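Structure file input.tsv (TSV, C-alpha atoms and all ligand atoms) is printed below.
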chain	number	residue	atom	x	y	z
M	1	MET	CA	-23.11	-32.28	72.15
M	2	SER	CA	-26.17	-30.12	72.45
M	3	ASP	CA	-26.76	-27.11	70.28
M	4	ALA	CA	-26.36	-23.92	72.28
M	5	LEU	CA	-29.01	-21.29	72.91
M	6	THR	CA	-28.09	-17.68	73.65
M	7	LEU	CA	-29.85	-15.96	76.55
M	8	ASN	CA	-30.85	-12.30	76.58
M	9	ASN	CA	-27.61	-11.40	78.39
M	10	GLN	CA	-25.48	-13.29	75.83
M	11	VAL	CA	-24.75	-16.21	78.16
M	12	THR	CA	-25.14	-19.51	76.30
M	13	LEU	CA	-26.63	-22.77	77.51
M	14	PRO	CA	-26.98	-26.18	75.87
M	15	ALA	CA	-30.51	-26.60	74.47
M	16	ILE	CA	-30.94	-30.03	76.05
M	17	GLY	CA	-30.29	-30.21	79.78
M	18	TYR	CA	-30.52	-33.14	82.14
M	19	GLY	CA	-33.32	-32.83	84.70
M	20	VAL	CA	-33.26	-34.42	88.15
M	21	PHE	CA	-36.77	-33.68	89.44
M	22	GLN	CA	-37.79	-36.64	91.63
M	23	THR	CA	-34.38	-38.30	91.33
M	24	PRO	CA	-33.76	-39.69	94.81
M	25	PRO	CA	-30.83	-37.94	96.52
M	26	GLU	CA	-28.83	-41.17	96.85
M	27	GLN	CA	-29.14	-41.87	93.09
M	28	THR	CA	-28.47	-38.35	91.88
M	29	ALA	CA	-24.66	-38.35	91.82
M	30	THR	CA	-24.55	-41.52	89.71
M	31	ALA	CA	-27.29	-40.27	87.38
M	32	VAL	CA	-25.56	-36.91	86.87
M	33	GLU	CA	-22.18	-38.56	86.34
M	34	THR	CA	-23.78	-40.85	83.71
M	35	ALA	CA	-25.43	-37.89	82.00
M	36	LEU	CA	-22.20	-35.90	81.87
M	37	LYS	CA	-20.24	-38.89	80.56
M	38	THR	CA	-22.94	-39.31	77.91
M	39	GLY	CA	-22.36	-35.74	76.76
M	40	TYR	CA	-24.86	-33.54	78.62
M	41	ARG	CA	-23.36	-30.24	79.75
M	42	HIS	CA	-26.41	-28.69	81.42
M	43	ILE	CA	-28.01	-29.96	84.63
M	44	ASP	CA	-31.31	-28.63	86.00
M	45	THR	CA	-32.04	-29.09	89.70
M	46	ALA	CA	-33.82	-27.16	92.46
M	47	ALA	CA	-33.39	-26.51	96.16
M	48	ALA	CA	-36.77	-28.20	96.67
M	49	TYR	CA	-35.63	-31.42	94.95
M	50	ASN	CA	-33.30	-32.07	97.87
M	51	ASN	CA	-30.62	-33.44	95.54
M	52	GLU	CA	-28.29	-30.48	94.88
M	53	ARG	CA	-25.52	-32.22	96.81
M	54	GLY	CA	-25.80	-35.23	94.51
M	55	VAL	CA	-25.62	-32.95	91.48
M	56	GLY	CA	-22.41	-31.39	92.80
M	57	GLU	CA	-20.97	-34.81	93.55
M	58	GLY	CA	-21.86	-36.06	90.06
M	59	VAL	CA	-20.13	-33.06	88.47
M	60	ARG	CA	-16.98	-33.67	90.51
M	61	ARG	CA	-17.00	-37.40	89.73
M	62	SER	CA	-17.29	-36.65	86.00
M	63	GLY	CA	-13.84	-35.05	86.06
M	64	LEU	CA	-15.10	-32.15	83.95
M	65	ASP	CA	-13.93	-28.64	84.76
M	66	ARG	CA	-16.50	-26.51	86.52
M	67	ASP	CA	-16.83	-24.17	83.54
M	68	GLU	CA	-17.69	-27.04	81.21
M	69	VAL	CA	-21.01	-27.70	82.95
M	70	PHE	CA	-23.96	-25.29	83.03
M	71	LEU	CA	-25.66	-25.59	86.43
M	72	GLU	CA	-29.23	-24.38	86.89
M	73	THR	CA	-31.14	-24.43	90.16
M	74	LYS	CA	-34.25	-22.87	91.69
M	75	VAL	CA	-35.09	-20.94	94.84
M	76	TRP	CA	-38.00	-22.46	96.72
M	77	VAL	CA	-40.90	-20.22	97.84
M	78	SER	CA	-40.16	-20.60	101.56
M	79	ASP	CA	-36.92	-18.72	100.83
M	80	TYR	CA	-38.59	-15.77	99.06
M	81	GLY	CA	-37.78	-12.29	100.36
M	82	TYR	CA	-34.62	-10.26	99.75
M	83	ASP	CA	-32.35	-11.50	102.55
M	84	GLN	CA	-33.83	-14.99	102.49
M	85	THR	CA	-33.15	-15.38	98.77
M	86	LEU	CA	-29.58	-14.11	99.10
M	87	HIS	CA	-29.16	-16.80	101.73
M	88	ALA	CA	-30.88	-19.36	99.48
M	89	PHE	CA	-28.07	-18.76	96.98
M	90	ASP	CA	-25.50	-19.53	99.71
M	91	LYS	CA	-27.29	-22.75	100.59
M	92	SER	CA	-27.56	-23.95	96.99
M	93	ALA	CA	-24.00	-22.96	96.07
M	94	ALA	CA	-22.63	-24.76	99.13
M	95	LYS	CA	-24.63	-27.93	98.42
M	96	LEU	CA	-23.57	-27.89	94.77
M	97	GLY	CA	-20.01	-27.17	95.88
M	98	VAL	CA	-19.60	-24.19	93.53
M	99	GLU	CA	-18.78	-20.50	93.79
M	100	THR	CA	-21.00	-19.43	90.92
M	101	ILE	CA	-24.36	-20.73	89.73
M	102	ASP	CA	-24.93	-20.43	85.97
M	103	LEU	CA	-28.69	-19.92	86.11
M	104	LEU	CA	-30.72	-19.26	89.25
M	105	ILE	CA	-34.48	-19.00	88.89
M	106	LEU	CA	-37.53	-18.53	91.11
M	107	HIS	CA	-39.32	-21.88	91.31
M	108	GLN	CA	-42.80	-20.38	90.96
M	109	PRO	CA	-44.64	-17.13	91.59
M	110	MET	CA	-46.35	-16.64	94.93
M	111	PRO	CA	-49.47	-14.96	93.58
M	112	GLN	CA	-50.93	-14.31	97.03
M	113	HIS	CA	-47.62	-12.87	98.27
M	114	PHE	CA	-46.31	-11.18	95.20
M	115	GLU	CA	-44.27	-8.66	97.23
M	116	ARG	CA	-42.12	-11.53	98.47
M	117	THR	CA	-41.76	-12.77	94.89
M	118	ARG	CA	-40.56	-9.30	93.86
M	119	GLU	CA	-38.10	-9.15	96.75
M	120	ALA	CA	-36.79	-12.60	95.86
M	121	TYR	CA	-36.24	-11.45	92.29
M	122	ARG	CA	-34.52	-8.27	93.52
M	123	ALA	CA	-32.08	-10.56	95.35
M	124	LEU	CA	-31.45	-12.45	92.10
M	125	GLU	CA	-30.67	-9.12	90.43
M	126	LYS	CA	-28.16	-8.35	93.20
M	127	LEU	CA	-26.54	-11.79	92.83
M	128	LEU	CA	-26.26	-11.17	89.09
M	129	GLU	CA	-24.72	-7.74	89.64
M	130	ASP	CA	-22.21	-9.27	92.05
M	131	GLY	CA	-21.25	-12.03	89.61
M	132	ARG	CA	-22.45	-14.84	91.88
M	133	VAL	CA	-24.84	-16.04	89.16
M	134	ARG	CA	-24.38	-15.76	85.39
M	135	ALA	CA	-28.07	-15.48	84.54
M	136	ILE	CA	-31.40	-15.22	86.40
M	137	GLY	CA	-34.94	-16.19	85.59
M	138	VAL	CA	-38.27	-17.56	86.71
M	139	SER	CA	-40.39	-20.67	86.44
M	140	ASN	CA	-44.12	-21.24	86.12
M	141	PHE	CA	-44.73	-17.54	85.46
M	142	MET	CA	-47.83	-16.89	83.36
M	143	PRO	CA	-47.94	-13.69	81.26
M	144	HIS	CA	-49.68	-11.71	84.02
M	145	HIS	CA	-47.02	-12.77	86.54
M	146	LEU	CA	-44.30	-11.58	84.15
M	147	ASP	CA	-46.13	-8.27	83.72
M	148	ALA	CA	-46.40	-7.85	87.48
M	149	LEU	CA	-42.73	-8.69	87.98
M	150	MET	CA	-41.58	-6.28	85.29
M	151	GLN	CA	-43.28	-3.40	87.10
M	152	SER	CA	-40.43	-3.52	89.62
M	153	ALA	CA	-37.66	-5.57	87.98
M	154	THR	CA	-34.73	-3.99	86.18
M	155	VAL	CA	-33.41	-7.20	84.62
M	156	VAL	CA	-35.64	-9.12	82.20
M	157	PRO	CA	-35.60	-12.81	83.21
M	158	ALA	CA	-33.34	-14.82	80.91
M	159	VAL	CA	-35.53	-17.93	81.19
M	160	ASN	CA	-39.06	-18.93	82.12
M	161	GLN	CA	-39.31	-22.66	82.76
M	162	ILE	CA	-42.89	-23.86	82.25
M	163	GLU	CA	-44.77	-27.12	81.73
M	164	LEU	CA	-44.57	-27.75	78.01
M	165	HIS	CA	-45.17	-30.94	75.99
M	166	PRO	CA	-47.43	-31.68	73.00
M	167	TYR	CA	-50.52	-32.05	75.19
M	168	PHE	CA	-49.93	-28.68	76.86
M	169	THR	CA	-48.13	-26.20	74.65
M	170	GLN	CA	-49.10	-22.92	76.37
M	171	PRO	CA	-49.05	-20.75	73.22
M	172	ALA	CA	-49.92	-17.57	75.14
M	173	ALA	CA	-47.16	-18.10	77.69
M	174	GLN	CA	-44.68	-18.90	74.93
M	175	ALA	CA	-45.63	-15.75	73.03
M	176	ALA	CA	-45.40	-13.64	76.19
M	177	ASN	CA	-41.91	-14.98	76.86
M	178	THR	CA	-40.75	-14.43	73.29
M	179	SER	CA	-42.07	-10.89	73.10
M	180	ARG	CA	-40.10	-9.98	76.22
M	181	GLY	CA	-36.88	-11.74	75.17
M	182	VAL	CA	-37.32	-14.52	77.73
M	183	LEU	CA	-36.24	-18.02	76.66
M	184	THR	CA	-38.96	-20.63	77.14
M	185	GLN	CA	-37.64	-23.72	78.86
M	186	ALA	CA	-39.84	-26.80	78.88
M	187	TRP	CA	-40.31	-28.85	82.01
M	188	SER	CA	-41.74	-32.34	81.50
M	189	PRO	CA	-40.69	-31.89	77.84
M	190	ILE	CA	-41.63	-35.44	76.87
M	191	GLY	CA	-44.79	-35.32	78.92
M	192	GLY	CA	-43.75	-37.31	81.97
M	193	ILE	CA	-46.37	-35.33	83.84
M	194	THR	CA	-49.00	-37.01	81.63
M	195	PHE	CA	-48.23	-40.41	83.12
M	196	TYR	CA	-46.71	-39.85	86.56
M	197	PRO	CA	-48.58	-41.77	89.24
M	198	GLY	CA	-50.76	-39.62	91.44
M	199	TYR	CA	-51.85	-37.18	88.75
M	200	GLY	CA	-55.18	-38.82	87.96
M	201	ASP	CA	-56.20	-42.06	86.28
M	202	ASP	CA	-57.72	-40.62	83.13
M	203	ARG	CA	-54.42	-39.46	81.76
M	204	LYS	CA	-53.03	-40.58	78.49
M	205	SER	CA	-49.27	-40.65	78.04
M	206	VAL	CA	-48.09	-38.41	75.23
M	207	LEU	CA	-45.32	-40.97	74.63
M	208	ALA	CA	-48.09	-43.34	73.48
M	209	ASP	CA	-49.82	-40.77	71.28
M	210	SER	CA	-50.49	-42.13	67.78
M	211	THR	CA	-49.34	-38.95	66.01
M	212	VAL	CA	-46.07	-38.86	67.95
M	213	GLN	CA	-45.57	-42.56	67.32
M	214	ASP	CA	-46.36	-42.20	63.65
M	215	ILE	CA	-43.78	-39.43	63.16
M	216	ALA	CA	-41.27	-41.47	65.18
M	217	ALA	CA	-41.81	-44.57	63.03
M	218	THR	CA	-41.43	-42.58	59.81
M	219	LEU	CA	-38.13	-41.07	60.91
M	220	ASP	CA	-36.87	-44.19	62.70
M	221	LYS	CA	-36.62	-42.25	65.98
M	222	THR	CA	-38.33	-42.72	69.35
M	223	PRO	CA	-41.35	-40.72	70.57
M	224	ALA	CA	-39.17	-38.97	73.16
M	225	GLN	CA	-36.69	-37.94	70.46
M	226	ILE	CA	-39.49	-36.55	68.31
M	227	MET	CA	-40.75	-34.36	71.15
M	228	LEU	CA	-37.28	-33.14	72.06
M	229	ARG	CA	-36.54	-32.30	68.42
M	230	TRP	CA	-39.85	-30.36	68.29
M	231	HIS	CA	-38.67	-28.24	71.25
M	232	ILE	CA	-35.27	-27.60	69.69
M	233	GLN	CA	-36.61	-26.64	66.27
M	234	GLN	CA	-39.03	-24.23	67.91
M	235	GLY	CA	-36.16	-22.59	69.81
M	236	ARG	CA	-36.89	-23.88	73.30
M	237	SER	CA	-34.63	-25.30	75.97
M	238	ALA	CA	-35.76	-28.69	77.27
M	239	ILE	CA	-34.72	-30.68	80.31
M	240	PRO	CA	-35.80	-34.32	79.97
M	241	LYS	CA	-35.16	-36.54	82.92
M	242	SER	CA	-34.41	-40.21	83.13
M	243	THR	CA	-32.44	-42.38	85.48
M	244	ASN	CA	-32.03	-45.09	82.84
M	245	PRO	CA	-28.64	-44.89	81.05
M	246	SER	CA	-29.96	-45.88	77.63
M	247	ARG	CA	-32.82	-43.35	77.81
M	248	ILE	CA	-30.39	-40.70	79.09
M	249	ALA	CA	-28.39	-41.27	75.89
M	250	GLU	CA	-31.48	-41.50	73.68
M	251	ASN	CA	-32.70	-38.11	74.87
M	252	LEU	CA	-29.48	-36.40	73.82
M	253	ALA	CA	-29.34	-38.05	70.39
M	254	VAL	CA	-31.59	-35.48	68.76
M	255	PHE	CA	-29.18	-33.44	66.66
M	256	ASP	CA	-28.92	-35.62	63.56
M	257	PHE	CA	-32.41	-35.30	62.07
M	258	GLN	CA	-35.04	-32.72	61.16
M	259	LEU	CA	-38.81	-32.55	61.58
M	260	SER	CA	-40.69	-31.07	58.64
M	261	ASP	CA	-42.90	-28.03	59.10
M	262	ALA	CA	-45.88	-30.35	58.64
M	263	ASP	CA	-44.66	-32.61	61.45
M	264	LEU	CA	-44.13	-29.60	63.74
M	265	ALA	CA	-47.68	-28.47	62.99
M	266	ARG	CA	-49.07	-31.95	63.70
M	267	LEU	CA	-47.34	-31.92	67.09
M	268	ASP	CA	-48.58	-28.39	67.85
M	269	ALA	CA	-52.11	-29.56	67.04
M	270	LEU	CA	-52.04	-32.12	69.87
M	271	ASP	CA	-52.44	-29.37	72.48
M	272	THR	CA	-55.36	-30.13	74.81
M	273	GLY	CA	-55.08	-26.90	76.81
M	274	ARG	CA	-55.09	-29.03	79.93
M	275	ARG	CA	-52.13	-28.72	82.26
M	276	GLY	CA	-50.74	-31.78	83.99
M	277	GLY	CA	-49.08	-29.97	86.88
M	278	PRO	CA	-50.35	-27.43	89.37
M	279	ASP	CA	-51.91	-24.16	88.28
M	280	PRO	CA	-49.39	-21.39	89.06
M	281	ASP	CA	-52.25	-19.21	90.33
M	282	GLU	CA	-53.39	-21.83	92.79
M	283	THR	CA	-50.25	-22.52	94.75
M	284	ASP	CA	-50.97	-24.80	97.65
M	285	PRO	CA	-50.23	-22.60	100.70
M	286	SER	CA	-48.78	-25.59	102.55
M	287	THR	CA	-45.85	-25.70	100.11
M	288	ARG	CA	-44.60	-22.51	101.73
M	289	ASP	CA	-43.94	-24.50	104.88
M	290	ILE	CA	-41.46	-26.85	103.22
M	291	ALA	CA	-38.19	-25.47	104.53
M	292	VAL	CA	-34.98	-25.88	102.54
M	293	PRO	CA	-32.31	-27.17	104.94
M	294	GLU	CA	-29.09	-25.29	105.56
M	295	ALA	CA	-26.04	-26.52	103.65
M	301	LIG	P1	-37.10	-43.23	83.38
M	301	LIG	O1	-36.34	-42.47	84.42
M	301	LIG	O2	-37.41	-44.63	83.83
M	301	LIG	O3	-36.44	-43.18	82.02
M	301	LIG	P2	-40.32	-35.73	81.64
M	301	LIG	O4	-38.87	-35.36	81.61
M	301	LIG	O5	-41.09	-35.25	80.46
M	301	LIG	O6	-41.01	-35.34	82.93
M	301	LIG	O7	-40.41	-37.33	81.58
M	301	LIG	C1	-39.72	-38.12	82.52
M	301	LIG	C2	-40.32	-39.50	82.53
M	301	LIG	O8	-40.16	-40.09	81.26
M	301	LIG	C3	-39.67	-40.42	83.51
M	301	LIG	O9	-40.69	-41.26	84.04
M	301	LIG	C4	-38.69	-41.25	82.68
M	301	LIG	O10	-38.56	-42.53	83.23
M	301	LIG	C5	-39.39	-41.29	81.35
M	301	LIG	N1	-38.48	-41.23	80.21
M	301	LIG	C6	-37.38	-40.46	80.10
M	301	LIG	N2	-36.83	-40.60	78.89
M	301	LIG	C7	-37.59	-41.47	78.22
M	301	LIG	C8	-37.53	-42.03	76.91
M	301	LIG	N3	-36.56	-41.67	76.09
M	301	LIG	N4	-38.50	-42.91	76.56
M	301	LIG	C9	-39.48	-43.26	77.42
M	301	LIG	N5	-39.60	-42.76	78.67
M	301	LIG	C10	-38.67	-41.88	79.07

As a first step, turn the structure in this file into structure tokens.
Amino acid sequence: MSDALTLNNQVTLPAIGYGVFQTPPEQTATAVETALKTGYRHIDTAAAYNNERGVGEGVRRSGLDRDEVFLETKVWVSDYGYDQTLHAFDKSAAKLGVETIDLLILHQPMPQHFERTREAYRALEKLLEDGRVRAIGVSNFMPHHLDALMQSATVVPAVNQIELHPYFTQPAAQAANTSRGVLTQAWSPIGGITFYPGYGDDRKSVLADSTVQDIAATLDKTPAQIMLRWHIQQGRSAIPKSTNPSRIAENLAVFDFQLSDADLARLDALDTGRRGGPDPDETDPSTRDIAVPEA
């Protein structure tokens, strides 16, 4: 079982969630069922991943009660705007097969159309007020995006999900989240983004990093477990993804050991300042055209 984190509205979520970014729709139900049977109780998906239906199916197949699983999903930018985002909730809830979504977040800011981002967030606030979602938040928001949002928002986001692994630790974004009471949630927490195909040939996998491997060997743990433990001890939520049953289990087995302060500092020192994923200020305008199908 994962240790729980408490959000700024007192809702709790398991620190380690199971991520399904890039999990093919037809494999998602089995992967989610495996994860839940392994002990995960938090699943992170997104409307744009096109696999919310599989997540819902996996939850039902697990036999767990709805309130035993924390479901998080994201509104895609093509659904930003007040009415559009209210409808985006309906689409996601129907695909997941649930009445209530535990955590609904904006997938990324739209820096060139920030008014629509604000309106989308206003819809999240309405969904929260109406009890359709238990918590709301954002993703890929840099400190200046949070500042801009808070000029009009009345509810502080519970979560900001950002790229975060030892090669890209975003200390300024983490500090901005913490100072506002926003939980930092790490996407690509074990650095998958550092070795995914298509992200450039000069990348070095953080899983193969000698410092990470050295700490892992000393503690008789795997590199992935070392990174996930680093997130937990620094108070972050992390959502590793894997479709391999033994790695799914490995990534949850991180609650029976401790990293020393020196080890945490060695991991922090690996930061390169270089992001693996897209810059949130340079959103490719074509992504706005990717429509999220009706339920
Ligand atoms: P696979 O699905 O074959 O396990 P991230 O969550 O940081 O983006 O990383 C996801 C990537 O890391 C996927 O390619 C996944 O592949 C791989 N992965 C997940 N867990 C582990 C692990 N424990 N050890 C090694 N690779 C892993």

task = Excluding M:Asp281 and any residue of its chain fewer than 4 positions from it, enumerate the residues within 9 Å of it, using all atoms listed in the file, and give them as an MDAnalysis selection string.
result = chainID M and resid 109:112 142

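Proximal residues of ligand LIG 301 (chain M) are Gly19, Phe21, His165, Trp187, Ser188, Pro189, Ile190, Gly191, Gly192, Ile193, Phe195, Tyr196, Leu207, Thr222, Pro223, Ala224, Gln225, Ile239, Pro240, Lys241, Ser242, Thr243, Asn244, Ser246, Arg247, Ile248, Glu250 and Asn251 of chain M, by a cut-off of 8 Å on all atoms listed in the file.
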
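If you look at atom CA of M:Asn8 and atom CA of M:Ile136, they are 10.3 Å away from each other.
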
inquiry  = For a cutoff of 7 Å around the file-coordinate point (-31.1, -27.0, 94.1), which residues qualify once you count only C-alpha atoms? I'd like the result as number ranges by chain.
reply    = M: 45-52, 73-74, 92

Let's have the selection written as a PDB file, in the frame of the given file, with C-alpha atoms.
ATOM      1  CA  THR M  45     -32.040 -29.090  89.700  1.00  0.00           C
ATOM      2  CA  ALA M  46     -33.820 -27.160  92.460  1.00  0.00           C
ATOM      3  CA  ALA M  47     -33.390 -26.510  96.160  1.00  0.00           C
ATOM      4  CA  ALA M  48     -36.770 -28.200  96.670  1.00  0.00           C
ATOM      5  CA  TYR M  49     -35.630 -31.420  94.950  1.00  0.00           C
ATOM      6  CA  ASN M  50     -33.300 -32.070  97.870  1.00  0.00           C
ATOM      7  CA  ASN M  51     -30.620 -33.440  95.540  1.00  0.00           C
ATOM      8  CA  GLU M  52     -28.290 -30.480  94.880  1.00  0.00           C
ATOM      9  CA  THR M  73     -31.140 -24.430  90.160  1.00  0.00           C
ATOM     10  CA  LYS M  74     -34.250 -22.870  91.690  1.00  0.00           C
ATOM     11  CA  SER M  92     -27.560 -23.950  96.990  1.00  0.00           C
TER      12      SER M  92
END

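Pairwise distance (atom CA of M:Thr184, atom CA of M:Gly97) equals 27.4 Å.
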
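Taking atom CA of M:Ala216 and atom CA of M:Leu259 as the two end points, the separation is 9.9 Å.
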
task = Around the point (-38.9, -24.9, 73.2) in the file's coordinates, collect all residues with an atom within 9 Å, using only C-alpha atoms, and return them as a list in words.
result = Ala15, Leu164, Gln174, Leu183, Thr184, Gln185, Ala186, Pro189, Leu228, Trp230, His231, Ile232, Gln233, Gln234, Gly235, Arg236, Ser237 and Ala238 of chain M

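Residue neighbourhood of M:His145, excluding near-sequence residues (fewer than 2 positions): Gln108, Pro109, Met110, Pro111, Phe114, Thr117, Val138, Asn140, Phe141, Met142, Pro143, Asp147, Ala148, Leu149, Met150, Pro280 and Asp281 of chain M, at 10 Å, using all atoms listed in the file.
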
query = Could you pull the residues within 7 Å of M:Gly273, counting only C-alpha atoms, minus those fewer than 2 positions along the same chain, as a count of residues only?
reply = 3

Around all listed atoms of stretch 11-29 of chain M, padded 3 Å per side, what centre and edge lengths does the axis-aligned box have in Å to one decimal, as JSON?
{"center_x": -31.2, "center_y": -29.0, "center_z": 85.7, "size_x": 19.1, "size_y": 31.7, "size_z": 28.4}

message = Ranking M:Arg203, M:Asn177, M:Val155, M:Val212 by minimum distance to M:Ala265 and counting only C-alpha atoms, which one comes first?
response = M:Val212
